[in-house]
file protein34.csv (CSV, C-alpha atoms (C1' of nucleotides))
chain,number,residue,atom,x,y,z
A,3,MET,CA,-8.7,77.0,107.2
A,4,ASP,CA,-5.5,78.1,105.6
A,5,SER,CA,-5.1,75.7,102.7
A,6,ILE,CA,-1.9,74.5,101.2
A,7,LYS,CA,-3.6,74.0,97.9
A,8,LEU,CA,-3.6,76.9,95.6
A,9,ASN,CA,-6.8,78.1,94.0
A,10,ASP,CA,-7.0,79.6,90.5
A,11,LYS,CA,-6.8,83.2,91.7
A,12,GLN,CA,-3.7,82.3,93.6
A,13,LEU,CA,-2.1,80.5,90.7
A,14,ALA,CA,-2.8,83.5,88.5
A,15,LEU,CA,-1.3,85.9,91.0
A,16,ILE,CA,1.9,83.8,91.3
A,17,GLU,CA,2.3,84.0,87.5
A,18,LYS,CA,1.7,87.7,87.5
A,19,LEU,CA,4.0,88.5,90.4
A,20,GLY,CA,6.5,85.9,89.1
A,21,LEU,CA,6.9,87.9,85.9
A,22,ILE,CA,7.4,91.1,87.9
A,23,PHE,CA,10.1,89.4,90.0
A,24,GLU,CA,11.9,88.0,87.0
A,25,ASN,CA,13.5,91.4,86.8
A,26,GLY,CA,16.6,90.3,88.6
A,27,LEU,CA,15.6,86.7,89.5
A,28,GLN,CA,15.5,83.5,87.5
A,29,PRO,CA,12.0,82.1,86.9
A,30,ALA,CA,12.1,79.4,89.6
A,31,SER,CA,13.2,81.9,92.3
A,32,ALA,CA,10.7,84.5,91.1
A,33,ARG,CA,7.8,82.0,91.5
A,34,ILE,CA,8.9,80.9,94.9
A,35,ALA,CA,9.2,84.5,96.0
A,36,ALA,CA,5.7,85.0,94.7
A,37,LEU,CA,4.3,81.8,96.2
A,38,LEU,CA,5.5,82.8,99.7
A,39,LEU,CA,3.4,86.0,99.4
A,40,VAL,CA,0.3,84.5,97.9
A,41,SER,CA,-0.1,81.1,99.7
A,42,ASP,CA,-2.5,80.9,102.6
A,43,LYS,CA,0.1,79.0,104.5
A,44,LEU,CA,3.1,81.3,104.9
A,45,GLU,CA,5.7,78.8,106.0
A,46,LEU,CA,6.3,76.1,103.5
A,47,THR,CA,8.7,73.2,103.4
A,48,PHE,CA,11.1,72.3,100.6
A,49,ASP,CA,8.8,69.6,99.4
A,50,GLU,CA,5.6,71.6,99.6
A,51,ILE,CA,7.2,74.3,97.5
A,52,ARG,CA,8.5,71.7,95.0
A,53,GLU,CA,5.1,70.2,94.6
A,54,LEU,CA,3.1,73.4,94.4
A,55,LEU,CA,5.3,74.8,91.7
A,56,ASN,CA,6.2,71.5,90.0
A,57,LEU,CA,9.9,72.0,90.3
A,58,SER,CA,12.7,69.5,90.4
A,59,LYS,CA,14.7,69.0,93.6
A,60,SER,CA,17.7,70.7,92.2
A,61,ALA,CA,15.8,73.7,90.9
A,62,THR,CA,14.1,74.1,94.2
A,63,SER,CA,17.3,73.8,96.2
A,64,ASN,CA,19.2,76.3,94.0
A,65,ALA,CA,16.4,78.7,93.9
A,66,LEU,CA,15.8,78.6,97.7
A,67,ASN,CA,19.5,79.1,98.4
A,68,LEU,CA,19.6,82.0,96.0
A,69,LEU,CA,16.7,83.7,97.7
A,70,LEU,CA,18.2,83.0,101.1
A,71,SER,CA,21.5,84.5,100.1
A,72,MET,CA,19.7,87.6,98.9
A,73,GLU,CA,17.8,87.7,102.2
A,74,ARG,CA,14.5,87.8,100.4
A,75,ILE,CA,13.4,84.8,102.3
A,76,GLU,CA,14.4,83.1,105.5
A,77,TYR,CA,13.4,79.9,107.3
A,78,ILE,CA,12.4,78.7,110.7
A,79,THR,CA,12.6,75.3,112.3
A,80,LYS,CA,10.3,73.6,114.6
A,81,PRO,CA,11.2,71.5,117.6
A,82,GLY,CA,11.3,67.8,116.8
A,83,ASP,CA,11.0,68.5,113.1
A,84,ARG,CA,14.0,68.3,110.8
A,85,LYS,CA,12.4,70.2,108.0
A,86,ARG,CA,13.0,73.9,107.4
A,87,TYR,CA,10.0,76.2,106.9
A,88,PHE,CA,10.7,78.9,104.4
A,89,LYS,CA,8.9,82.2,104.5
A,90,SER,CA,9.1,85.6,102.9
A,91,ASN,CA,11.2,88.2,104.6
A,92,LEU,CA,9.0,91.2,104.2
A,93,SER,CA,10.9,93.6,106.5
A,94,ASP,CA,14.1,93.2,104.5
A,95,TRP,CA,12.1,93.9,101.3
A,96,LYS,CA,11.7,97.5,102.3
A,97,GLU,CA,15.4,97.8,102.8
A,98,ASN,CA,16.0,96.3,99.4
A,99,MET,CA,13.6,98.8,97.9
A,100,LYS,CA,15.5,101.6,99.5
A,101,THR,CA,18.9,100.4,98.2
A,102,LYS,CA,17.4,99.8,94.8
A,103,PHE,CA,16.2,103.4,94.7
A,104,LEU,CA,19.7,104.6,95.5
A,105,GLU,CA,21.3,102.2,93.2
A,106,PHE,CA,21.6,104.5,90.3
A,107,ASP,CA,23.9,106.6,92.5
A,108,LYS,CA,26.8,105.3,90.5
A,109,VAL,CA,25.2,106.5,87.3
A,110,HIS,CA,25.4,110.2,88.1
A,111,LYS,CA,29.0,109.9,89.4
A,112,THR,CA,30.1,108.2,86.2
A,113,MET,CA,28.2,110.7,84.1
A,114,ARG,CA,30.0,113.5,85.9
A,115,GLU,CA,33.3,111.9,84.9
A,116,VAL,CA,32.0,111.9,81.3
A,117,LEU,CA,31.1,115.5,81.5
A,118,GLU,CA,34.4,116.5,83.0
A,119,GLN,CA,36.4,115.1,80.1
A,120,ARG,CA,34.2,116.6,77.3
A,121,PRO,CA,35.7,119.3,75.1
A,122,HIS,CA,34.4,122.8,75.6
A,123,SER,CA,33.4,123.0,72.0
A,124,THR,CA,30.2,120.9,72.5
A,125,LYS,CA,28.8,123.5,74.8
A,126,ASP,CA,25.1,122.9,74.3
A,127,PHE,CA,25.4,119.2,74.7
A,128,ASN,CA,27.5,119.6,77.8
A,129,GLN,CA,24.9,121.9,79.3
A,130,GLY,CA,22.1,119.4,78.6
A,131,LEU,CA,24.2,116.7,80.1
A,132,GLU,CA,25.0,118.7,83.2
A,133,GLU,CA,21.3,119.5,83.7
A,134,PHE,CA,20.5,115.8,83.5
A,135,ILE,CA,23.2,115.0,86.0
A,136,ASN,CA,21.9,117.7,88.3
A,137,PHE,CA,18.5,116.2,88.1
A,138,MET,CA,19.8,112.8,89.1
A,139,GLU,CA,21.7,114.3,92.0
A,140,PHE,CA,18.6,116.1,93.0
A,141,MET,CA,16.6,112.9,93.1
A,142,ASN,CA,19.4,111.3,95.0
A,143,ARG,CA,19.2,113.9,97.7
A,144,GLU,CA,15.5,114.1,97.9
A,145,ILE,CA,14.6,110.4,98.0
A,146,PRO,CA,16.1,109.8,101.4
A,147,VAL,CA,14.1,112.8,102.5
A,148,LEU,CA,11.0,111.0,101.3
A,149,PHE,CA,11.9,107.9,103.2
A,150,LYS,CA,12.2,110.0,106.4
A,151,LYS,CA,8.9,111.7,105.7
A,152,TRP,CA,7.3,108.3,105.4
A,153,GLU,CA,8.7,107.1,108.6
A,154,LEU,CA,7.4,110.2,110.4
A,155,SER,CA,4.0,109.9,108.9
A,156,LYS,CA,3.6,106.4,110.4
A,157,LYS,CA,3.9,107.7,113.9
B,21,MET,CA,39.8,120.0,67.8
B,22,ASP,CA,37.2,117.4,68.5
B,23,SER,CA,38.8,114.2,67.7
B,24,ILE,CA,37.1,111.1,66.5
B,25,LYS,CA,39.8,108.9,68.0
B,26,LEU,CA,39.2,107.8,71.6
B,27,ASN,CA,41.8,108.3,74.2
B,28,ASP,CA,42.3,105.9,77.1
B,29,LYS,CA,40.1,107.8,79.5
B,30,GLN,CA,37.3,107.8,77.0
B,31,LEU,CA,37.7,104.1,76.4
B,32,ALA,CA,37.6,103.4,80.1
B,33,LEU,CA,34.5,105.5,80.5
B,34,ILE,CA,32.7,103.7,77.7
B,35,GLU,CA,33.4,100.4,79.4
B,36,LYS,CA,32.2,101.7,82.7
B,37,LEU,CA,29.0,103.4,81.4
B,38,GLY,CA,28.5,100.4,79.1
B,39,LEU,CA,28.3,98.1,82.1
B,40,ILE,CA,25.8,100.4,83.7
B,41,PHE,CA,23.7,100.5,80.6
B,42,GLU,CA,23.7,96.8,80.2
B,43,ASN,CA,20.9,96.9,82.7
B,44,GLY,CA,18.2,96.6,80.0
B,45,LEU,CA,20.4,96.7,77.0
B,46,GLN,CA,22.6,94.2,75.2
B,47,PRO,CA,26.3,94.9,75.3
B,48,ALA,CA,26.7,96.3,71.8
B,49,SER,CA,23.8,98.8,72.3
B,50,ALA,CA,25.1,99.7,75.7
B,51,ARG,CA,28.5,100.6,74.4
B,52,ILE,CA,27.0,102.6,71.5
B,53,ALA,CA,24.9,104.5,73.9
B,54,ALA,CA,28.0,105.2,76.0
B,55,LEU,CA,30.1,106.1,73.0
B,56,LEU,CA,27.6,108.8,72.0
B,57,LEU,CA,28.0,110.5,75.4
B,58,VAL,CA,31.7,110.2,75.7
B,59,SER,CA,33.0,110.9,72.2
B,60,ASP,CA,34.3,114.4,71.4
B,61,LYS,CA,32.4,114.2,68.2
B,62,LEU,CA,28.7,113.8,69.0
B,63,GLU,CA,27.4,112.9,65.7
B,64,LEU,CA,28.9,109.7,64.4
B,65,THR,CA,28.2,107.6,61.3
B,66,PHE,CA,27.4,103.9,61.1
B,67,ASP,CA,31.0,103.1,60.0
B,68,GLU,CA,32.6,105.4,62.6
B,69,ILE,CA,30.7,103.6,65.3
B,70,ARG,CA,31.5,100.3,63.9
B,71,GLU,CA,35.2,101.0,63.8
B,72,LEU,CA,35.5,102.7,67.1
B,73,LEU,CA,33.8,99.8,68.9
B,74,ASN,CA,35.1,97.0,66.7
B,75,LEU,CA,31.6,95.7,65.9
B,76,SER,CA,30.4,93.8,62.9
B,77,LYS,CA,28.0,95.5,60.5
B,78,SER,CA,25.1,93.3,61.6
B,79,ALA,CA,25.7,94.0,65.3
B,80,THR,CA,26.0,97.7,64.6
B,81,SER,CA,22.8,97.7,62.5
B,82,ASN,CA,20.8,95.8,65.1
B,83,ALA,CA,22.1,97.8,68.0
B,84,LEU,CA,21.4,101.1,66.4
B,85,ASN,CA,17.9,100.2,65.4
B,86,LEU,CA,17.2,99.0,68.9
B,87,LEU,CA,18.4,102.3,70.3
B,88,LEU,CA,16.4,104.2,67.7
B,89,SER,CA,13.2,102.3,68.6
B,90,MET,CA,13.8,103.0,72.3
B,91,GLU,CA,14.3,106.7,71.3
B,92,ARG,CA,17.6,106.7,73.2
B,93,ILE,CA,19.3,107.9,70.1
B,94,GLU,CA,18.3,109.7,67.0
B,95,TYR,CA,20.0,110.7,63.8
B,96,ILE,CA,20.4,113.7,61.5
B,97,THR,CA,21.2,113.9,57.9
B,98,LYS,CA,23.3,116.4,56.0
B,99,PRO,CA,22.5,117.9,52.6
B,100,GLY,CA,24.4,116.1,49.9
B,101,ASP,CA,25.4,113.3,52.2
B,102,ARG,CA,23.7,109.9,52.2
B,103,LYS,CA,25.0,108.9,55.6
B,104,ARG,CA,23.1,109.2,58.8
B,105,TYR,CA,24.7,110.8,61.8
B,106,PHE,CA,23.7,109.2,65.0
B,107,LYS,CA,23.5,111.1,68.3
B,108,SER,CA,22.4,110.7,71.8
B,109,ASN,CA,18.9,111.8,72.6
B,110,LEU,CA,19.5,113.5,75.9
B,111,SER,CA,16.1,115.2,76.3
B,112,ASP,CA,14.3,111.9,76.0
B,113,TRP,CA,16.5,110.4,78.6
B,114,LYS,CA,14.9,112.5,81.2
B,115,GLU,CA,11.5,111.3,80.2
B,116,ASN,CA,12.8,107.7,80.2
B,117,MET,CA,14.0,108.2,83.7
B,118,LYS,CA,10.7,109.5,84.9
B,119,THR,CA,8.8,106.6,83.4
B,120,LYS,CA,11.3,104.2,84.9
B,121,PHE,CA,10.7,105.7,88.3
B,122,LEU,CA,7.0,105.1,87.9
B,123,GLU,CA,7.4,101.7,86.3
B,124,PHE,CA,7.1,99.9,89.6
B,125,ASP,CA,3.5,101.2,89.7
B,126,LYS,CA,2.3,97.8,88.6
B,127,VAL,CA,4.0,96.2,91.5
B,128,HIS,CA,1.9,97.8,94.2
B,129,LYS,CA,-1.3,97.1,92.3
B,130,THR,CA,-0.5,93.4,92.0
B,131,MET,CA,0.5,93.4,95.6
B,132,ARG,CA,-2.8,94.8,96.6
B,133,GLU,CA,-4.5,92.0,94.7
B,134,VAL,CA,-2.3,89.6,96.7
B,135,LEU,CA,-3.3,91.2,100.0
B,136,GLU,CA,-7.0,91.2,99.1
B,137,GLN,CA,-7.1,87.5,98.7
B,138,ARG,CA,-5.2,86.6,101.8
B,139,PRO,CA,-7.0,84.8,104.6
B,140,HIS,CA,-7.7,86.9,107.8
B,141,SER,CA,-5.8,84.3,109.8
B,142,THR,CA,-2.4,85.6,108.8
B,143,LYS,CA,-3.1,89.0,110.4
B,144,ASP,CA,0.5,90.0,111.2
B,145,PHE,CA,1.8,89.2,107.8
B,146,ASN,CA,-1.1,90.9,106.1
B,147,GLN,CA,-0.4,94.0,108.1
B,148,GLY,CA,3.3,94.0,107.2
B,149,LEU,CA,2.3,93.5,103.6
B,150,GLU,CA,-0.2,96.3,103.7
B,151,GLU,CA,2.4,98.6,105.2
B,152,PHE,CA,4.8,97.7,102.4
B,153,ILE,CA,2.1,98.4,99.8
B,154,ASN,CA,1.3,101.7,101.5
B,155,PHE,CA,4.9,102.6,101.3
B,156,MET,CA,5.1,101.9,97.6
B,157,GLU,CA,1.9,103.9,97.0
B,158,PHE,CA,3.4,106.8,99.0
B,159,MET,CA,6.5,106.8,96.9
B,160,ASN,CA,4.4,106.7,93.8
B,161,ARG,CA,2.5,109.7,94.9
B,162,GLU,CA,5.5,111.7,96.0
B,163,ILE,CA,7.9,111.1,93.2
B,164,PRO,CA,5.9,113.2,90.7
B,165,VAL,CA,5.8,115.9,93.3
B,166,LEU,CA,9.6,115.8,93.3
B,167,PHE,CA,9.7,116.1,89.5
B,168,LYS,CA,7.6,119.2,89.8
B,169,LYS,CA,9.8,120.6,92.5
B,170,TRP,CA,12.7,120.1,90.3
B,171,GLU,CA,11.1,121.9,87.4
B,172,LEU,CA,10.2,124.8,89.6
B,173,SER,CA,13.7,125.1,91.1
B,174,LYS,CA,15.2,125.5,87.6
B,175,LYS,CA,13.3,128.7,86.9
C,29,DT,C1',24.0,100.9,32.5
C,30,DT,C1',27.3,99.6,35.9
C,31,DT,C1',29.4,100.5,40.3
C,32,DT,C1',29.5,102.2,44.8
C,33,DT,C1',27.6,103.4,49.2
C,34,DG,C1',25.1,102.7,53.3
C,35,DG,C1',23.2,99.9,55.2
C,36,DT,C1',19.8,95.3,56.3
C,37,DT,C1',18.8,90.5,56.6
C,38,DC,C1',20.1,85.6,56.8
C,39,DT,C1',22.8,81.7,58.5
C,40,DG,C1',25.4,79.8,61.8
C,41,DC,C1',28.2,79.4,65.9
C,42,DA,C1',29.8,79.9,70.7
C,43,DA,C1',28.7,81.0,75.2
C,44,DT,C1',25.4,81.2,78.9
C,45,DA,C1',21.2,80.1,81.4
C,46,DA,C1',17.7,77.2,83.4
C,47,DG,C1',16.3,73.3,85.0
C,48,DA,C1',15.6,67.9,84.9
C,49,DG,C1',17.0,63.7,86.9
C,50,DA,C1',20.1,60.8,89.2
C,51,DA,C1',23.6,60.1,92.4
C,52,DC,C1',25.2,61.4,96.6
C,53,DT,C1',25.5,62.8,101.8
C,54,DA,C1',24.9,63.9,106.6
C,55,DA,C1',22.0,63.7,110.4
C,56,DA,C1',18.2,61.6,112.6
C,57,DT,C1',15.4,57.5,113.3
C,58,DA,C1',14.4,52.7,113.7
D,12,DT,C1',23.8,49.1,112.5
D,13,DA,C1',20.5,49.9,108.7
D,14,DT,C1',17.2,53.0,106.8
D,15,DT,C1',14.8,57.1,106.0
D,16,DT,C1',14.7,62.1,105.6
D,17,DA,C1',15.9,66.4,103.8
D,18,DG,C1',18.1,68.2,101.2
D,19,DT,C1',22.8,69.1,97.9
D,20,DT,C1',25.7,68.4,94.0
D,21,DC,C1',26.8,66.6,89.5
D,22,DT,C1',25.9,65.6,84.7
D,23,DC,C1',23.3,66.3,80.6
D,24,DT,C1',19.8,68.7,77.6
D,25,DT,C1',17.5,72.2,75.7
D,26,DA,C1',16.6,77.1,74.8
D,27,DT,C1',18.2,81.6,74.4
D,28,DT,C1',21.4,85.4,73.6
D,29,DG,C1',24.7,88.0,71.2
D,30,DC,C1',27.3,88.4,67.6
D,31,DA,C1',30.3,87.5,63.3
D,32,DG,C1',30.4,87.0,58.4
D,33,DA,C1',28.4,86.7,54.1
D,34,DA,C1',24.8,87.5,51.1
D,35,DC,C1',21.7,90.7,49.8
D,36,DC,C1',19.3,95.2,48.4
D,37,DA,C1',17.8,99.9,47.1
D,38,DA,C1',19.2,104.5,46.0
D,39,DA,C1',22.7,107.4,44.4
D,40,DA,C1',26.8,108.2,41.7
D,41,DA,C1',29.7,107.4,37.8
call {"tool": "encode", "arguments": {"input": "protein34.csv", "output": "structure tokens"}}
result
Amino acid sequence: MDSIKLNDKQLALIEKLGLIFENGLQPASARIAALLLVSDKLELTFDEIRELLNLSKSATSNALNLLLSMERIEYITKPGDRKRYFKSNLSDWKENMKTKFLEFDKVHKTMREVLEQRPHSTKDFNQGLEEFINFMEFMNREIPVLFKKWELSKK
Amino acid sequence: MDSIKLNDKQLALIEKLGLIFENGLQPASARIAALLLVSDKLELTFDEIRELLNLSKSATSNALNLLLSMERIEYITKPGDRKRYFKSNLSDWKENMKTKFLEFDKVHKTMREVLEQRPHSTKDFNQGLEEFINFMEFMNREIPVLFKKWELSKK
DNA sequence: TTTTTGGTTCTGCAATAAGAGAACTAAATA
DNA sequence: TATTTAGTTCTCTTATTGCAGAACCAAAAA
């Protein structure tokens, strides 16, 4: 049966994934996000999370609320049960990934501004910069195409 | 002529780019990286950088060495001149961008590990997770193809 | 040989982050 | 009405970051 206890493999995976998620999350949130992917039981209560990860109540509360606000997790309730059951929000993850890919959109716009104010005298550099910007713009155009290609390939 | 003084537009761009670069860099390094793109003069000495950005010697030294070690900048020397002239390393930037794109490679591998240890009983979740992993793998396969397409389009 | 230049390294501080633990609270239960 | 539950919020510590300023150093110049 789906155990609430974590075995060694699962503990190791939580550490590993946790480190990956720490890019953009504080440690406690990162581990919770990892836990909710790794655990046999997918819907865990506040106290289960707290105990499995050895967190204080405050750390658990803040981390869960952060993840909820980022929509990386959500919770369900059960009739006649006051507890909330937290679970990973996989479908939103894909959205997140897409926006993350397009996040560097601002970069090329700002870089264009940089290019536009440069003196003509640094011609070689300006050309190199322009090529780099063009490359970023190319990627920005093509990545949404890839997304569509993926959606089509699923059908 | 190419001035070493920065005008208001340039100062604003350094702030703006600096914020963007702070993703992965400390503030001082981020501003230096920005400065070396924005400044009319592209090759700046230690002291010019220090004065233009109002940094201490130690902050300047550490930040420059960090950027050098990341190969985001490089320096040249001039005969009969003991100073080093620091400049942005644009060509390496493109390489950096490529590796950054492929950096999340580890993610899908670890996610596969997660999937493989999941109980069969959480079938729906496992399927969603698998689709997500497949999506990441798809992106990982296709992005190098995009790079090639770009290289070809330039010729 | 002494001084200057172009930095590097060390010490210390101020600000921020991360979380523990205790006090608190609102709704549900007894 | 009193108590328990399921959290939230507040206060305090500790660790880390980012940088300033001063001391230091090696090579070149005077």
call {"tool": "residues_around", "arguments": {"input": "protein34.csv", "residues": "Glu132 in chain A", "least_positions_apart": "5", "cutoff": "10 Å", "atoms": "only C-alpha atoms (C1' of nucleotides)", "output": "number ranges by chain"}}
result
A: 110, 113-114, 116-118, 126-127, 137-138
call {"tool": "interface_residues", "arguments": {"input": "protein34.csv", "of": "chain C", "to": "chain A", "cutoff": "8 Å", "atoms": "only C-alpha atoms (C1' of nucleotides)", "output": "JSON, numbers by chain"}}
result
{"C": [46, 47, 48]}
call {"tool": "interface_residues", "arguments": {"input": "protein34.csv", "of": "chain B", "to": "chain A", "cutoff": "8 Å", "atoms": "all atoms listed in the file", "output": "PDB file with C-alpha atoms, keeping the file's coordinate frame"}}
result
ATOM      1  CA  ASP B  22      37.200 117.400  68.500  1.00  0.00           C
ATOM      2  CA  GLN B  30      37.300 107.800  77.000  1.00  0.00           C
ATOM      3  CA  LEU B  33      34.500 105.500  80.500  1.00  0.00           C
ATOM      4  CA  LYS B  36      32.200 101.700  82.700  1.00  0.00           C
ATOM      5  CA  LEU B  37      29.000 103.400  81.400  1.00  0.00           C
ATOM      6  CA  ILE B  40      25.800 100.400  83.700  1.00  0.00           C
ATOM      7  CA  LEU B  57      28.000 110.500  75.400  1.00  0.00           C
ATOM      8  CA  VAL B  58      31.700 110.200  75.700  1.00  0.00           C
ATOM      9  CA  SER B  59      33.000 110.900  72.200  1.00  0.00           C
ATOM     10  CA  ASP B  60      34.300 114.400  71.400  1.00  0.00           C
ATOM     11  CA  LEU B 110      19.500 113.500  75.900  1.00  0.00           C
ATOM     12  CA  SER B 111      16.100 115.200  76.300  1.00  0.00           C
ATOM     13  CA  LYS B 114      14.900 112.500  81.200  1.00  0.00           C
ATOM     14  CA  VAL B 127       4.000  96.200  91.500  1.00  0.00           C
ATOM     15  CA  THR B 130      -0.500  93.400  92.000  1.00  0.00           C
ATOM     16  CA  MET B 131       0.500  93.400  95.600  1.00  0.00           C
ATOM     17  CA  GLU B 133      -4.500  92.000  94.700  1.00  0.00           C
ATOM     18  CA  VAL B 134      -2.300  89.600  96.700  1.00  0.00           C
ATOM     19  CA  LEU B 135      -3.300  91.200 100.000  1.00  0.00           C
ATOM     20  CA  ARG B 138      -5.200  86.600 101.800  1.00  0.00           C
ATOM     21  CA  PRO B 139      -7.000  84.800 104.600  1.00  0.00           C
ATOM     22  CA  SER B 141      -5.800  84.300 109.800  1.00  0.00           C
ATOM     23  CA  THR B 142      -2.400  85.600 108.800  1.00  0.00           C
ATOM     24  CA  GLY B 148       3.300  94.000 107.200  1.00  0.00           C
ATOM     25  CA  LEU B 149       2.300  93.500 103.600  1.00  0.00           C
ATOM     26  CA  PHE B 152       4.800  97.700 102.400  1.00  0.00           C
ATOM     27  CA  PHE B 155       4.900 102.600 101.300  1.00  0.00           C
ATOM     28  CA  PHE B 158       3.400 106.800  99.000  1.00  0.00           C
ATOM     29  CA  MET B 159       6.500 106.800  96.900  1.00  0.00           C
ATOM     30  CA  GLU B 162       5.500 111.700  96.000  1.00  0.00           C
ATOM     31  CA  LEU B 166       9.600 115.800  93.300  1.00  0.00           C
ATOM     32  CA  TRP B 170      12.700 120.100  90.300  1.00  0.00           C
TER      33      TRP B 170
END
call {"tool": "atom_distance", "arguments": {"input": "protein34.csv", "atom1": "CA of Glu73 in chain A", "atom2": "CA of Ile51 in chain A"}}
result
17.7 Å
call {"tool": "closest_residue", "arguments": {"input": "protein34.csv", "among": "D:DA40, D:DT24, D:DT19, D:DT12", "to": "chain B", "atoms": "all atoms listed in the file"}}
result
D:DA40
